[in-house]
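Trainee: One structure, as structure tokens, below. Some questions next.
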Amino acid sequence: MTENDGALLEIRQLKKWFPIHKGFMRRVSGHVHAVDDVSLSLAKGETLGLVGESGCGKSTLGRCVVRLLAPTSGEIVFDGQSIGQLRSRALRPLRRQMQMIFQDPYASLNPRKRVGTIISDPMKIHGIGDRQERKKKVEELLETVGLSPEHYNRFPHEFSGGQRQRIGVARALALRPKLIVADEPVSALDVSIQAQVLNLLESLQTGFDLTYMFIAHDLAVVRHISDRIAVMYLGVIVEISPAEALYDNPLHPYTISLLSAVPIPDPDVEAKRETILLPGELPSPANPPAACRFHTRCPYVQPTRCTTEVPELRKLGDGHFVACHWAEKIKAGAIEPIESTPIEPERQDPVEAPSA
Ligand code: SF4
């Protein structure tokens, strides 16, 4: 699946585990398995939507990709170069090619800096242009993202949430990156503004030759912007597929449940369909369930195999991969969902886990 001639990014068997420290001596008593053996690739110019509920590891994966975090093991190949284990000095020239847009436009912009400085700082750090050239570039970028060059001297608090996210986009574009990881870039915005920012990102893609990894917690947001979608659950990819095929034909029970919560514009269809409510909470990534990680909440869980054998990602369609032993039977209606109470994950001591 990772074999892709036009790949800009390849992730192979990536793991990011965070140590859990305990007691006075802060000894390591376990690990949070935030990302656990993930492999995927992004073609040049592609948008990959990465979806899963809060705590599933998607943001950690995004941060590993742009090397804000060092992976525990596995490989990240960016534009033909292995970057997973590079140290900061070696990473520096690559940083300009990989940028991140953060979820919270209120927290991600320094309130004491003027917009012009916020956007030009990355260029200054990388030694691009002189002061005048950078100013001209920033003014162009402000226009590109739908703001005005006159906003150059304003402070972030003078802007609305949507405008602040546009400033975040301009800052990400300043170094002309090849890859942008957008970590829930619209989830802090009003629904009416979300579409504007999504449209902006989409319109910039061709002109700036961008590849996007677009992280979101619900499938509605990524539908129109994504070429492919990867669904993540508790540190692993459970389904990956071209976007339309995933919406038309979801095969993993977790994806089916996520999709059942996406609103349908037709009120008659919406009234008839059933939302699948998953029992229980997301288990702790410090102690993920054995075999299929979804088995403690899966409405289709089957005896023995689901709890004893790890389901591999299997190809079940053109570019469509699913990690479920029973995907075909579930799709064919040969297995009925059960009204289940959740299987309790193994009891463990509470831990302070970093957010994934
Ligand atoms: Fe559910 Fe079993 Fe499929 Fe896992 S392998 S998603 S528990 S049916």
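All residue names refer to the structure tokens as shown: chains lettered A, B, ... in order, residues numbered from 1 in each chain, ligands numbered from 1 in order.
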What are the nearest atom pairs, with distances in Å to one decimal, for all residues of chain A that come at most 9 Å from ligand 1, using only C-alpha atoms and all ligand atoms, set out by chain and rising residue number as JSON lines?
Mentor:
{"residue": "A:Val238", "atom": "CA", "partner": "ligand 1", "partner_atom_place_in_ligand_line": "6 (S)", "distance": 8.2}
{"residue": "A:His252", "atom": "CA", "partner": "ligand 1", "partner_atom_place_in_ligand_line": "6 (S)", "distance": 6.0}
{"residue": "A:Pro253", "atom": "CA", "partner": "ligand 1", "partner_atom_place_in_ligand_line": "6 (S)", "distance": 5.4}
{"residue": "A:Tyr254", "atom": "CA", "partner": "ligand 1", "partner_atom_place_in_ligand_line": "6 (S)", "distance": 6.7}
{"residue": "A:Ala291", "atom": "CA", "partner": "ligand 1", "partner_atom_place_in_ligand_line": "4 (Fe)", "distance": 8.1}
{"residue": "A:Cys292", "atom": "CA", "partner": "ligand 1", "partner_atom_place_in_ligand_line": "4 (Fe)", "distance": 4.6}
{"residue": "A:Arg293", "atom": "CA", "partner": "ligand 1", "partner_atom_place_in_ligand_line": "4 (Fe)", "distance": 6.7}
{"residue": "A:Phe294", "atom": "CA", "partner": "ligand 1", "partner_atom_place_in_ligand_line": "4 (Fe)", "distance": 5.2}
{"residue": "A:His295", "atom": "CA", "partner": "ligand 1", "partner_atom_place_in_ligand_line": "7 (S)", "distance": 3.6}
{"residue": "A:Thr296", "atom": "CA", "partner": "ligand 1", "partner_atom_place_in_ligand_line": "7 (S)", "distance": 7.2}
{"residue": "A:Arg297", "atom": "CA", "partner": "ligand 1", "partner_atom_place_in_ligand_line": "7 (S)", "distance": 7.6}
{"residue": "A:Cys298", "atom": "CA", "partner": "ligand 1", "partner_atom_place_in_ligand_line": "1 (Fe)", "distance": 4.6}
{"residue": "A:Pro299", "atom": "CA", "partner": "ligand 1", "partner_atom_place_in_ligand_line": "1 (Fe)", "distance": 6.7}
{"residue": "A:Tyr300", "atom": "CA", "partner": "ligand 1", "partner_atom_place_in_ligand_line": "8 (S)", "distance": 4.7}
{"residue": "A:Val301", "atom": "CA", "partner": "ligand 1", "partner_atom_place_in_ligand_line": "7 (S)", "distance": 4.1}
{"residue": "A:Gln302", "atom": "CA", "partner": "ligand 1", "partner_atom_place_in_ligand_line": "2 (Fe)", "distance": 5.7}
{"residue": "A:Pro303", "atom": "CA", "partner": "ligand 1", "partner_atom_place_in_ligand_line": "2 (Fe)", "distance": 8.4}
{"residue": "A:Arg305", "atom": "CA", "partner": "ligand 1", "partner_atom_place_in_ligand_line": "2 (Fe)", "distance": 7.1}
{"residue": "A:Cys306", "atom": "CA", "partner": "ligand 1", "partner_atom_place_in_ligand_line": "2 (Fe)", "distance": 4.2}
{"residue": "A:Thr307", "atom": "CA", "partner": "ligand 1", "partner_atom_place_in_ligand_line": "7 (S)", "distance": 7.1}
{"residue": "A:Glu309", "atom": "CA", "partner": "ligand 1", "partner_atom_place_in_ligand_line": "5 (S)", "distance": 8.2}
{"residue": "A:Val310", "atom": "CA", "partner": "ligand 1", "partner_atom_place_in_ligand_line": "5 (S)", "distance": 7.7}
{"residue": "A:Pro311", "atom": "CA", "partner": "ligand 1", "partner_atom_place_in_ligand_line": "5 (S)", "distance": 5.9}
{"residue": "A:Ala323", "atom": "CA", "partner": "ligand 1", "partner_atom_place_in_ligand_line": "5 (S)", "distance": 7.0}
{"residue": "A:Cys324", "atom": "CA", "partner": "ligand 1", "partner_atom_place_in_ligand_line": "3 (Fe)", "distance": 3.8}
{"residue": "A:His325", "atom": "CA", "partner": "ligand 1", "partner_atom_place_in_ligand_line": "5 (S)", "distance": 4.4}
{"residue": "A:Trp326", "atom": "CA", "partner": "ligand 1", "partner_atom_place_in_ligand_line": "3 (Fe)", "distance": 5.2}
{"residue": "A:Ala327", "atom": "CA", "partner": "ligand 1", "partner_atom_place_in_ligand_line": "3 (Fe)", "distance": 6.3}
{"residue": "A:Ile330", "atom": "CA", "partner": "ligand 1", "partner_atom_place_in_ligand_line": "8 (S)", "distance": 7.7}
{"residue": "A:Ile335", "atom": "CA", "partner": "ligand 1", "partner_atom_place_in_ligand_line": "8 (S)", "distance": 8.9}
Trainee: Got time to write the residues from that selection, N, CA, C and O atoms, as a compact mmCIF listing (two decimals), in the first residue's frame?
Mentor:
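Heads up, here's the output in out.txt:
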# COMPACT_ATOMS: atom_id res chain seq x y z
N VAL A 238 -7.74 1.72 10.68
CA VAL A 238 -8.68 0.60 10.54
C VAL A 238 -9.30 0.54 9.14
O VAL A 238 -9.80 -0.51 8.73
N HIS A 252 -15.54 -0.99 7.56
CA HIS A 252 -15.18 -1.28 8.95
C HIS A 252 -16.29 -0.82 9.88
O HIS A 252 -16.83 0.28 9.72
N PRO A 253 -16.65 -1.64 10.87
CA PRO A 253 -17.74 -1.24 11.79
C PRO A 253 -17.53 0.13 12.43
O PRO A 253 -18.48 0.86 12.67
N TYR A 254 -16.27 0.50 12.70
CA TYR A 254 -16.03 1.82 13.31
C TYR A 254 -16.37 2.93 12.31
O TYR A 254 -17.02 3.92 12.66
N ALA A 291 -5.70 -8.06 20.29
CA ALA A 291 -6.26 -8.48 18.98
C ALA A 291 -6.90 -7.29 18.28
O ALA A 291 -6.24 -6.28 18.10
N CYS A 292 -8.20 -7.36 17.94
CA CYS A 292 -8.83 -6.19 17.32
C CYS A 292 -9.09 -5.14 18.41
O CYS A 292 -9.84 -5.39 19.35
N ARG A 293 -8.49 -3.98 18.25
CA ARG A 293 -8.61 -2.94 19.30
C ARG A 293 -10.03 -2.42 19.45
O ARG A 293 -10.36 -1.79 20.45
N PHE A 294 -10.86 -2.67 18.45
CA PHE A 294 -12.23 -2.16 18.50
C PHE A 294 -13.18 -3.17 19.15
O PHE A 294 -14.35 -2.89 19.32
N HIS A 295 -12.66 -4.33 19.55
CA HIS A 295 -13.59 -5.40 19.95
C HIS A 295 -14.39 -5.07 21.20
O HIS A 295 -15.47 -5.61 21.42
N THR A 296 -13.87 -4.16 22.07
CA THR A 296 -14.62 -3.83 23.30
C THR A 296 -15.85 -2.97 23.01
O THR A 296 -16.70 -2.82 23.88
N ARG A 297 -15.93 -2.41 21.81
CA ARG A 297 -17.07 -1.54 21.49
C ARG A 297 -17.79 -1.93 20.21
O ARG A 297 -18.78 -1.31 19.84
N CYS A 298 -17.27 -2.94 19.52
CA CYS A 298 -17.79 -3.26 18.19
C CYS A 298 -19.16 -3.94 18.27
O CYS A 298 -19.32 -4.95 18.95
N PRO A 299 -20.15 -3.41 17.55
CA PRO A 299 -21.48 -4.03 17.57
C PRO A 299 -21.51 -5.38 16.85
O PRO A 299 -22.50 -6.11 16.95
N TYR A 300 -20.45 -5.71 16.12
CA TYR A 300 -20.44 -6.96 15.34
C TYR A 300 -19.43 -7.97 15.90
O TYR A 300 -19.16 -8.98 15.26
N VAL A 301 -18.91 -7.72 17.08
CA VAL A 301 -17.82 -8.57 17.60
C VAL A 301 -18.23 -10.05 17.62
O VAL A 301 -19.36 -10.39 17.98
N GLN A 302 -17.31 -10.90 17.17
CA GLN A 302 -17.56 -12.34 17.08
C GLN A 302 -16.65 -13.08 18.05
O GLN A 302 -15.52 -12.64 18.29
N PRO A 303 -17.13 -14.22 18.56
CA PRO A 303 -16.32 -14.95 19.53
C PRO A 303 -14.96 -15.35 18.95
O PRO A 303 -14.86 -15.64 17.76
N ARG A 305 -12.18 -15.03 17.38
CA ARG A 305 -11.23 -14.45 16.44
C ARG A 305 -10.99 -12.95 16.70
O ARG A 305 -9.86 -12.48 16.64
N CYS A 306 -12.06 -12.22 16.98
CA CYS A 306 -11.94 -10.77 17.21
C CYS A 306 -11.08 -10.47 18.43
O CYS A 306 -10.46 -9.41 18.51
N THR A 307 -11.09 -11.39 19.39
CA THR A 307 -10.37 -11.13 20.64
C THR A 307 -9.02 -11.87 20.72
O THR A 307 -8.30 -11.75 21.71
N GLU A 309 -7.03 -12.50 17.49
CA GLU A 309 -6.22 -12.35 16.28
C GLU A 309 -6.28 -10.91 15.78
O GLU A 309 -7.38 -10.35 15.60
N VAL A 310 -5.11 -10.31 15.59
CA VAL A 310 -5.08 -8.92 15.10
C VAL A 310 -5.53 -8.89 13.64
O VAL A 310 -4.98 -9.61 12.81
N PRO A 311 -6.55 -8.10 13.31
CA PRO A 311 -6.95 -8.02 11.90
C PRO A 311 -5.97 -7.13 11.11
O PRO A 311 -5.73 -5.98 11.50
N ALA A 323 -9.28 -3.21 8.12
CA ALA A 323 -8.73 -4.10 9.16
C ALA A 323 -9.89 -4.67 9.99
O ALA A 323 -10.13 -4.24 11.12
N CYS A 324 -10.63 -5.58 9.40
CA CYS A 324 -11.70 -6.28 10.13
C CYS A 324 -11.80 -7.69 9.56
O CYS A 324 -11.86 -7.86 8.34
N HIS A 325 -11.85 -8.70 10.47
CA HIS A 325 -11.93 -10.10 10.01
C HIS A 325 -13.23 -10.38 9.26
O HIS A 325 -13.29 -11.28 8.43
N TRP A 326 -14.28 -9.61 9.59
CA TRP A 326 -15.61 -10.00 9.11
C TRP A 326 -16.23 -8.95 8.18
O TRP A 326 -17.46 -8.95 7.99
N ALA A 327 -15.40 -8.08 7.60
CA ALA A 327 -15.94 -6.94 6.83
C ALA A 327 -16.92 -7.38 5.74
O ALA A 327 -18.00 -6.79 5.58
N ILE A 330 -20.23 -8.61 7.25
CA ILE A 330 -21.01 -7.50 7.84
C ILE A 330 -21.68 -6.73 6.72
O ILE A 330 -22.86 -6.39 6.78
N ILE A 335 -23.92 -10.91 9.21
CA ILE A 335 -23.73 -10.80 10.67
C ILE A 335 -24.56 -9.63 11.14
O ILE A 335 -24.44 -8.51 10.63
Trainee: Please provide as a list in words all residues within 9 Å of segment 270-277 of chain A, with the sequence filter that same-chain residues fewer than 4 positions apart are discarded (counting only C-alpha atoms).
Mentor: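 In the requested format, the answer is Ile256, Ser257, Leu258, Leu259, Ser260, Ala261, Val262, Pro263, Ile264, Pro265, Asp266 and Pro299 of chain A.
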Trainee: Those selected residues, please, written with all heavy atoms and delivered as a PDB file, in the first residue's frame.
Mentor:
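This is the output file result_29.pdb:
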ATOM      1  N   ILE A 256     -18.444   2.674   9.855  1.00  0.00           N
ATOM      2  CA  ILE A 256     -19.906   2.642   9.685  1.00  0.00           C
ATOM      3  C   ILE A 256     -20.565   3.451  10.803  1.00  0.00           C
ATOM      4  O   ILE A 256     -21.471   4.250  10.566  1.00  0.00           O
ATOM      5  CB  ILE A 256     -20.417   1.177   9.668  1.00  0.00           C
ATOM      6  CG1 ILE A 256     -19.889   0.455   8.421  1.00  0.00           C
ATOM      7  CG2 ILE A 256     -21.948   1.120   9.716  1.00  0.00           C
ATOM      8  CD1 ILE A 256     -20.107  -1.057   8.412  1.00  0.00           C
ATOM      9  N   SER A 257     -20.056   3.306  12.022  1.00  0.00           N
ATOM     10  CA  SER A 257     -20.665   4.059  13.134  1.00  0.00           C
ATOM     11  C   SER A 257     -20.365   5.549  13.013  1.00  0.00           C
ATOM     12  O   SER A 257     -21.243   6.377  13.274  1.00  0.00           O
ATOM     13  CB  SER A 257     -20.193   3.504  14.481  1.00  0.00           C
ATOM     14  OG  SER A 257     -18.890   3.935  14.758  1.00  0.00           O
ATOM     15  N   LEU A 258     -19.147   5.901  12.611  1.00  0.00           N
ATOM     16  CA  LEU A 258     -18.835   7.335  12.437  1.00  0.00           C
ATOM     17  C   LEU A 258     -19.726   7.949  11.358  1.00  0.00           C
ATOM     18  O   LEU A 258     -20.250   9.051  11.509  1.00  0.00           O
ATOM     19  CB  LEU A 258     -17.371   7.528  12.009  1.00  0.00           C
ATOM     20  CG  LEU A 258     -16.268   7.334  13.032  1.00  0.00           C
ATOM     21  CD1 LEU A 258     -14.912   7.612  12.387  1.00  0.00           C
ATOM     22  CD2 LEU A 258     -16.437   8.262  14.228  1.00  0.00           C
ATOM     23  N   LEU A 259     -19.907   7.205  10.272  1.00  0.00           N
ATOM     24  CA  LEU A 259     -20.720   7.736   9.159  1.00  0.00           C
ATOM     25  C   LEU A 259     -22.186   7.855   9.538  1.00  0.00           C
ATOM     26  O   LEU A 259     -22.892   8.725   9.026  1.00  0.00           O
ATOM     27  CB  LEU A 259     -20.592   6.812   7.942  1.00  0.00           C
ATOM     28  CG  LEU A 259     -19.568   7.221   6.901  1.00  0.00           C
ATOM     29  CD1 LEU A 259     -19.521   6.208   5.784  1.00  0.00           C
ATOM     30  CD2 LEU A 259     -19.853   8.611   6.336  1.00  0.00           C
ATOM     31  N   SER A 260     -22.632   6.998  10.436  1.00  0.00           N
ATOM     32  CA  SER A 260     -24.045   7.048  10.820  1.00  0.00           C
ATOM     33  C   SER A 260     -24.367   8.338  11.572  1.00  0.00           C
ATOM     34  O   SER A 260     -25.525   8.691  11.751  1.00  0.00           O
ATOM     35  CB  SER A 260     -24.423   5.829  11.674  1.00  0.00           C
ATOM     36  OG  SER A 260     -23.983   6.009  13.002  1.00  0.00           O
ATOM     37  N   ALA A 261     -23.316   9.049  12.034  1.00  0.00           N
ATOM     38  CA  ALA A 261     -23.539  10.303  12.769  1.00  0.00           C
ATOM     39  C   ALA A 261     -23.412  11.531  11.869  1.00  0.00           C
ATOM     40  O   ALA A 261     -23.624  12.649  12.315  1.00  0.00           O
ATOM     41  CB  ALA A 261     -22.536  10.402  13.916  1.00  0.00           C
ATOM     42  N   VAL A 262     -23.035  11.310  10.595  1.00  0.00           N
ATOM     43  CA  VAL A 262     -22.890  12.454   9.676  1.00  0.00           C
ATOM     44  C   VAL A 262     -24.271  12.873   9.181  1.00  0.00           C
ATOM     45  O   VAL A 262     -25.019  12.041   8.661  1.00  0.00           O
ATOM     46  CB  VAL A 262     -21.983  12.069   8.480  1.00  0.00           C
ATOM     47  CG1 VAL A 262     -21.975  13.166   7.418  1.00  0.00           C
ATOM     48  CG2 VAL A 262     -20.570  11.793   8.960  1.00  0.00           C
ATOM     49  N   PRO A 263     -24.643  14.144   9.361  1.00  0.00           N
ATOM     50  CA  PRO A 263     -25.979  14.565   8.941  1.00  0.00           C
ATOM     51  C   PRO A 263     -26.200  14.398   7.433  1.00  0.00           C
ATOM     52  O   PRO A 263     -25.271  14.569   6.647  1.00  0.00           O
ATOM     53  CB  PRO A 263     -26.025  16.058   9.305  1.00  0.00           C
ATOM     54  CG  PRO A 263     -24.837  16.318  10.152  1.00  0.00           C
ATOM     55  CD  PRO A 263     -23.849  15.244   9.900  1.00  0.00           C
ATOM     56  N   ILE A 264     -27.427  14.009   7.068  1.00  0.00           N
ATOM     57  CA  ILE A 264     -27.779  13.878   5.647  1.00  0.00           C
ATOM     58  C   ILE A 264     -28.677  15.062   5.283  1.00  0.00           C
ATOM     59  O   ILE A 264     -29.636  15.360   6.003  1.00  0.00           O
ATOM     60  CB  ILE A 264     -28.514  12.542   5.396  1.00  0.00           C
ATOM     61  CG1 ILE A 264     -27.589  11.376   5.736  1.00  0.00           C
ATOM     62  CG2 ILE A 264     -28.999  12.434   3.956  1.00  0.00           C
ATOM     63  CD1 ILE A 264     -28.254  10.018   5.730  1.00  0.00           C
ATOM     64  N   PRO A 265     -28.361  15.768   4.185  1.00  0.00           N
ATOM     65  CA  PRO A 265     -29.118  16.982   3.868  1.00  0.00           C
ATOM     66  C   PRO A 265     -30.606  16.733   3.594  1.00  0.00           C
ATOM     67  O   PRO A 265     -31.432  17.604   3.816  1.00  0.00           O
ATOM     68  CB  PRO A 265     -28.433  17.542   2.606  1.00  0.00           C
ATOM     69  CG  PRO A 265     -27.231  16.728   2.366  1.00  0.00           C
ATOM     70  CD  PRO A 265     -27.248  15.528   3.257  1.00  0.00           C
ATOM     71  N   ASP A 266     -30.956  15.521   3.123  1.00  0.00           N
ATOM     72  CA  ASP A 266     -32.363  15.228   2.817  1.00  0.00           C
ATOM     73  C   ASP A 266     -33.109  14.877   4.113  1.00  0.00           C
ATOM     74  O   ASP A 266     -32.828  13.838   4.738  1.00  0.00           O
ATOM     75  CB  ASP A 266     -32.404  14.042   1.833  1.00  0.00           C
ATOM     76  CG  ASP A 266     -33.830  13.707   1.408  1.00  0.00           C
ATOM     77  OD1 ASP A 266     -34.762  13.996   2.191  1.00  0.00           O
ATOM     78  OD2 ASP A 266     -33.989  13.157   0.310  1.00  0.00           O
ATOM     79  N   PRO A 299     -20.154  -3.408  17.546  1.00  0.00           N
ATOM     80  CA  PRO A 299     -21.485  -4.030  17.570  1.00  0.00           C
ATOM     81  C   PRO A 299     -21.514  -5.384  16.849  1.00  0.00           C
ATOM     82  O   PRO A 299     -22.500  -6.106  16.951  1.00  0.00           O
ATOM     83  CB  PRO A 299     -22.369  -3.023  16.819  1.00  0.00           C
ATOM     84  CG  PRO A 299     -21.551  -1.792  16.604  1.00  0.00           C
ATOM     85  CD  PRO A 299     -20.119  -2.183  16.730  1.00  0.00           C
TER      86      PRO A 299
END
Trainee: What parts of segment 39-220 of chain A does DSSP call helix (DSSP H, G or I)? I'd like the answer as a PDB file with C-alpha atoms, in the first residue's frame.
Mentor:
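For reference, states.pdb as written:
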ATOM      1  CA  LYS A  58      -4.229  11.321  14.698  1.00  0.00           C
ATOM      2  CA  SER A  59      -2.671  14.581  15.932  1.00  0.00           C
ATOM      3  CA  THR A  60       0.366  12.700  17.230  1.00  0.00           C
ATOM      4  CA  LEU A  61       0.743  11.092  13.806  1.00  0.00           C
ATOM      5  CA  GLY A  62       0.521  14.534  12.136  1.00  0.00           C
ATOM      6  CA  ARG A  63       3.139  15.941  14.490  1.00  0.00           C
ATOM      7  CA  CYS A  64       5.485  13.029  13.817  1.00  0.00           C
ATOM      8  CA  VAL A  65       5.101  13.576  10.065  1.00  0.00           C
ATOM      9  CA  SER A  88      17.223  19.114  14.507  1.00  0.00           C
ATOM     10  CA  ARG A  89      20.152  20.579  12.582  1.00  0.00           C
ATOM     11  CA  ALA A  90      19.671  18.134   9.696  1.00  0.00           C
ATOM     12  CA  LEU A  91      15.921  18.730   9.817  1.00  0.00           C
ATOM     13  CA  ARG A  92      16.151  22.501   9.508  1.00  0.00           C
ATOM     14  CA  PRO A  93      16.294  22.782   5.690  1.00  0.00           C
ATOM     15  CA  LEU A  94      13.400  20.309   5.468  1.00  0.00           C
ATOM     16  CA  ARG A  95      11.201  22.202   7.912  1.00  0.00           C
ATOM     17  CA  VAL A 115       0.373  40.035  11.768  1.00  0.00           C
ATOM     18  CA  GLY A 116       3.213  41.116   9.468  1.00  0.00           C
ATOM     19  CA  THR A 117       5.791  39.797  11.943  1.00  0.00           C
ATOM     20  CA  ILE A 118       3.883  36.550  12.529  1.00  0.00           C
ATOM     21  CA  ILE A 119       3.827  35.750   8.818  1.00  0.00           C
ATOM     22  CA  SER A 120       7.341  37.004   8.004  1.00  0.00           C
ATOM     23  CA  ASP A 121       9.107  35.353  10.989  1.00  0.00           C
ATOM     24  CA  PRO A 122       9.481  31.951   9.270  1.00  0.00           C
ATOM     25  CA  MET A 123      11.067  33.678   6.241  1.00  0.00           C
ATOM     26  CA  LYS A 124      13.433  35.604   8.522  1.00  0.00           C
ATOM     27  CA  ILE A 125      14.425  32.435  10.385  1.00  0.00           C
ATOM     28  CA  ARG A 131      13.082  43.259   5.165  1.00  0.00           C
ATOM     29  CA  GLN A 132      11.448  44.974   2.179  1.00  0.00           C
ATOM     30  CA  GLU A 133      11.155  41.790   0.157  1.00  0.00           C
ATOM     31  CA  ARG A 134       9.594  39.988   3.116  1.00  0.00           C
ATOM     32  CA  LYS A 135       7.113  42.810   3.665  1.00  0.00           C
ATOM     33  CA  LYS A 136       6.048  42.670   0.013  1.00  0.00           C
ATOM     34  CA  LYS A 137       5.720  38.901   0.227  1.00  0.00           C
ATOM     35  CA  VAL A 138       3.575  39.119   3.367  1.00  0.00           C
ATOM     36  CA  GLU A 139       1.262  41.670   1.733  1.00  0.00           C
ATOM     37  CA  GLU A 140       0.842  39.331  -1.239  1.00  0.00           C
ATOM     38  CA  LEU A 141       0.116  36.425   1.075  1.00  0.00           C
ATOM     39  CA  LEU A 142      -2.483  38.433   2.982  1.00  0.00           C
ATOM     40  CA  GLU A 143      -4.291  39.052  -0.284  1.00  0.00           C
ATOM     41  CA  THR A 144      -3.928  35.418  -1.300  1.00  0.00           C
ATOM     42  CA  PRO A 149      -2.340  44.238   2.909  1.00  0.00           C
ATOM     43  CA  GLU A 150      -3.492  46.940   5.351  1.00  0.00           C
ATOM     44  CA  HIS A 151      -3.801  44.221   7.993  1.00  0.00           C
ATOM     45  CA  TYR A 152       0.000  44.003   8.133  1.00  0.00           C
ATOM     46  CA  ASN A 153       0.316  46.117  11.299  1.00  0.00           C
ATOM     47  CA  PRO A 156      -4.348  38.963  16.179  1.00  0.00           C
ATOM     48  CA  HIS A 157      -7.031  40.077  18.667  1.00  0.00           C
ATOM     49  CA  GLU A 158      -8.354  42.513  16.060  1.00  0.00           C
ATOM     50  CA  GLY A 161     -11.703  33.376  14.315  1.00  0.00           C
ATOM     51  CA  GLY A 162     -11.992  32.768  10.572  1.00  0.00           C
ATOM     52  CA  GLN A 163      -9.628  35.637   9.787  1.00  0.00           C
ATOM     53  CA  ARG A 164      -7.123  34.366  12.335  1.00  0.00           C
ATOM     54  CA  GLN A 165      -7.150  30.979  10.684  1.00  0.00           C
ATOM     55  CA  ARG A 166      -6.473  32.760   7.370  1.00  0.00           C
ATOM     56  CA  ILE A 167      -3.430  34.351   9.038  1.00  0.00           C
ATOM     57  CA  GLY A 168      -2.377  30.833  10.129  1.00  0.00           C
ATOM     58  CA  VAL A 169      -2.724  29.676   6.521  1.00  0.00           C
ATOM     59  CA  ALA A 170      -0.643  32.646   5.255  1.00  0.00           C
ATOM     60  CA  ARG A 171       2.060  31.821   7.804  1.00  0.00           C
ATOM     61  CA  ALA A 172       2.083  28.185   6.675  1.00  0.00           C
ATOM     62  CA  LEU A 173       2.385  29.273   3.023  1.00  0.00           C
ATOM     63  CA  VAL A 191     -20.061  26.197  10.966  1.00  0.00           C
ATOM     64  CA  SER A 192     -20.777  29.149   8.640  1.00  0.00           C
ATOM     65  CA  ILE A 193     -17.047  30.045   8.565  1.00  0.00           C
ATOM     66  CA  GLN A 194     -15.783  26.458   8.258  1.00  0.00           C
ATOM     67  CA  ALA A 195     -16.775  26.174   4.596  1.00  0.00           C
ATOM     68  CA  GLN A 196     -14.969  29.411   3.747  1.00  0.00           C
ATOM     69  CA  VAL A 197     -11.689  28.208   5.242  1.00  0.00           C
ATOM     70  CA  LEU A 198     -12.078  24.766   3.622  1.00  0.00           C
ATOM     71  CA  ASN A 199     -12.720  26.415   0.254  1.00  0.00           C
ATOM     72  CA  LEU A 200      -9.656  28.607   0.734  1.00  0.00           C
ATOM     73  CA  LEU A 201      -7.445  25.597   1.451  1.00  0.00           C
ATOM     74  CA  GLU A 202      -8.829  23.788  -1.560  1.00  0.00           C
ATOM     75  CA  SER A 203      -8.336  26.775  -3.859  1.00  0.00           C
ATOM     76  CA  LEU A 204      -4.697  27.188  -2.767  1.00  0.00           C
ATOM     77  CA  GLN A 205      -3.794  23.578  -3.458  1.00  0.00           C
ATOM     78  CA  THR A 206      -3.183  23.792  -7.202  1.00  0.00           C
ATOM     79  CA  GLY A 207      -1.540  27.233  -7.307  1.00  0.00           C
ATOM     80  CA  LEU A 219     -16.219  12.523   8.525  1.00  0.00           C
ATOM     81  CA  ALA A 220     -18.495  15.381   7.443  1.00  0.00           C
TER      82      ALA A 220
END
Trainee: Skip Tyr233 of chain A itself and residues of its chain fewer than 3 positions away, then list as a ChimeraX atom specification all residues within 7 Å of it, counting only C-alpha atoms.
Mentor: /A:52,56,236-238
Trainee: Determine which residues of segment 131-226 of chain A DSSP labels as strand (DSSP E or B) from the backbone of this structure, then write them out as a PyMOL selection string.
Mentor: chain A and resi 179-183+211-216
Trainee: Please provide the set of residues having any atom within 7 Å of Leu210 of chain A, restricted to only C-alpha atoms, with same-chain residues fewer than 5 positions apart removed, written as a list of chain:residue names.
Mentor: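 Neighbouring residues, sequence-local ones excluded: A:Gly45, A:Lys178, A:Leu179, A:Gln205.
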Trainee: So how many Å separate atom CA of Ala7 of chain A and atom CA of Leu42 of chain A, to one decimal?
Mentor: 5.4 Å
Trainee: At what distance in Å, to one decimal, does atom CA of Ser226 of chain A lie from atom CA of Val51 of chain A?
Mentor: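 Separation between atom CA of Val51 of chain A and atom CA of Ser226 of chain A: 10.9 Å.
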Trainee: Can you tell me, as number ranges by chain, what residues are no more than 9 Å from Glu244 of chain A when counting only C-alpha atoms, ignoring any on the same chain fewer than 6 positions away?
Mentor: A: 223, 227-228
Trainee: Pick out the residues sitting within 7 Å of segment 317-320 of chain A, and hand them over as a count of residues only; count only C-alpha atoms, and ignore anything fewer than 5 positions along from it in its own chain.
Mentor: 3
Trainee: Quote the spacing between atom CA of Ala43 of chain A and atom CA of Arg67 of chain A in Å to one decimal place.
Mentor: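 Result for atom CA of Ala43 of chain A versus atom CA of Arg67 of chain A: 18.8 Å, one decimal.
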Trainee: Closest to Phe18 of chain A among A:Pro285, A:Pro185, A:Pro267, A:Pro177, using only C-alpha atoms?
Mentor: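 Nearest candidate to Phe18 of chain A out of A:Pro285, A:Pro185, A:Pro267, A:Pro177: A:Pro285.
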Trainee: Would you mind telling me which residue in A:Val35, A:Ile20, A:Met98, A:Val222 lies nearest to Glu184 of chain A when using only C-alpha atoms?
Mentor: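 Once distances to Glu184 of chain A are computed over only C-alpha atoms, the minimum belongs to A:Val222.
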